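Below is one structure, written out as structure tokens; the observations come after it.
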Amino acid sequence: MARFGYSRELLILMLGLGLATGVNAGPRIKCWVNGDGLRECGDTVPPEYVQKGYTQLNKQAIQVARQGQAKTREDLEEERGLARLKQAEERRRKEIATADRTLLDTYNSEEDLLLAQDAQFAAIEDYIQFTEEQIKKLQANLDNTIAEAAKLERRGQTPSEKLIAEIASIKQQIRASQDSIFSKQQEHRALARQFEQDLKRFKMLKAGAKKDDR
């Protein structure tokens, strides 16, 4: 393999005269930087320098091609990370576009949106009120059952397993009903935030549509 470290001016002269030792004067001259940081040229890039990149010259010593430095594992990981971010952003953009389309298809006006909000809030409030009434009835039943068990104990009698199980069952029903109310209250708050966001977005989309119509 011909290999040399000539200056650009001398290389041009030698290429023009076809005198570069062992090197075809065609466009196969390649130049690279060696381990000492010096520029070398030849017809073949040494294997230990290929990954670092090189340039290819024509017979006038003009650069006609460049082979970039091979990407490191860190470079490839960064590229993959950026690609994932781009894909996530594209998905987000499509999700927003779909949500906007759904919002505009669902409601014709702000009044429609507010009516839908009131209807859902009313349904949740009715459920909570009904459940609270059920809890009152369960609590009254529990109080009576506990009083019956206490009466037996005062008489020196042990409450039956059935009575004890009934007390436990009523307590469980009360806890489940309370949890249900708590869940509905959370749902109410979440809906309030969602409707607030939807209303703002709806106004923005409608305002944008009016500008486009002008």
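Naming works like this for the structure tokens: A, B, ... for the chains as they're shown, residue 1 at the start of each chain, ligands 1 onward in shown order.
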
Tell me which protein, DNA and RNA residues are within 12 Å of Asp112 of chain A, counting only C-alpha atoms, leaving out same-chain ones fewer than 4 positions away, and put them as a ChimeraX atom specification. /A:103-108,116-119,195,198-199,202

Might you pull out every residue within 12 Å of segment 151-168 of chain A, with only C-alpha atoms counted and same-chain residues fewer than 4 positions away left off, and present them as a PyMOL selection string? chain A and resi 138-147+172-175

Could you please take those selected residues and save N, CA and C atoms as a tab-separated table (two decimals), in the first residue's frame?
chain	number	residue	atom	x	y	z
A	138	LEU	N	-77.81	1.80	57.12
A	138	LEU	CA	-76.89	0.75	57.58
A	138	LEU	C	-76.40	1.05	58.99
A	139	GLN	N	-76.11	2.32	59.26
A	139	GLN	CA	-75.62	2.69	60.58
A	139	GLN	C	-76.68	2.43	61.66
A	140	ALA	N	-77.94	2.75	61.31
A	140	ALA	CA	-79.02	2.49	62.26
A	140	ALA	C	-79.15	0.99	62.52
A	141	ASN	N	-79.04	0.20	61.46
A	141	ASN	CA	-79.11	-1.25	61.60
A	141	ASN	C	-77.95	-1.76	62.43
A	142	LEU	N	-76.77	-1.17	62.22
A	142	LEU	CA	-75.59	-1.58	62.99
A	142	LEU	C	-75.77	-1.26	64.46
A	143	ASP	N	-76.27	-0.06	64.73
A	143	ASP	CA	-76.47	0.34	66.13
A	143	ASP	C	-77.42	-0.62	66.83
A	144	ASN	N	-78.51	-1.01	66.16
A	144	ASN	CA	-79.48	-1.93	66.75
A	144	ASN	C	-78.86	-3.31	66.99
A	145	THR	N	-78.08	-3.75	66.01
A	145	THR	CA	-77.47	-5.09	66.12
A	145	THR	C	-76.44	-5.12	67.23
A	146	ILE	N	-75.64	-4.05	67.35
A	146	ILE	CA	-74.65	-3.98	68.43
A	146	ILE	C	-75.36	-3.91	69.78
A	147	ALA	N	-76.46	-3.16	69.84
A	147	ALA	CA	-77.22	-3.05	71.09
A	147	ALA	C	-77.77	-4.41	71.48
A	172	GLN	N	-68.73	-3.71	57.05
A	172	GLN	CA	-68.09	-3.79	55.74
A	172	GLN	C	-68.88	-3.04	54.69
A	173	GLN	N	-70.22	-3.16	54.74
A	173	GLN	CA	-71.06	-2.44	53.79
A	173	GLN	C	-70.93	-0.93	53.96
A	174	ILE	N	-70.82	-0.49	55.20
A	174	ILE	CA	-70.67	0.94	55.46
A	174	ILE	C	-69.34	1.44	54.91
A	175	ARG	N	-68.26	0.68	55.15
A	175	ARG	CA	-66.95	1.08	54.64
A	175	ARG	C	-66.94	1.13	53.11

In Å, how far is it from atom CA of Ala207 of chain A to atom CA of Arg92 of chain A? 22.4 Å
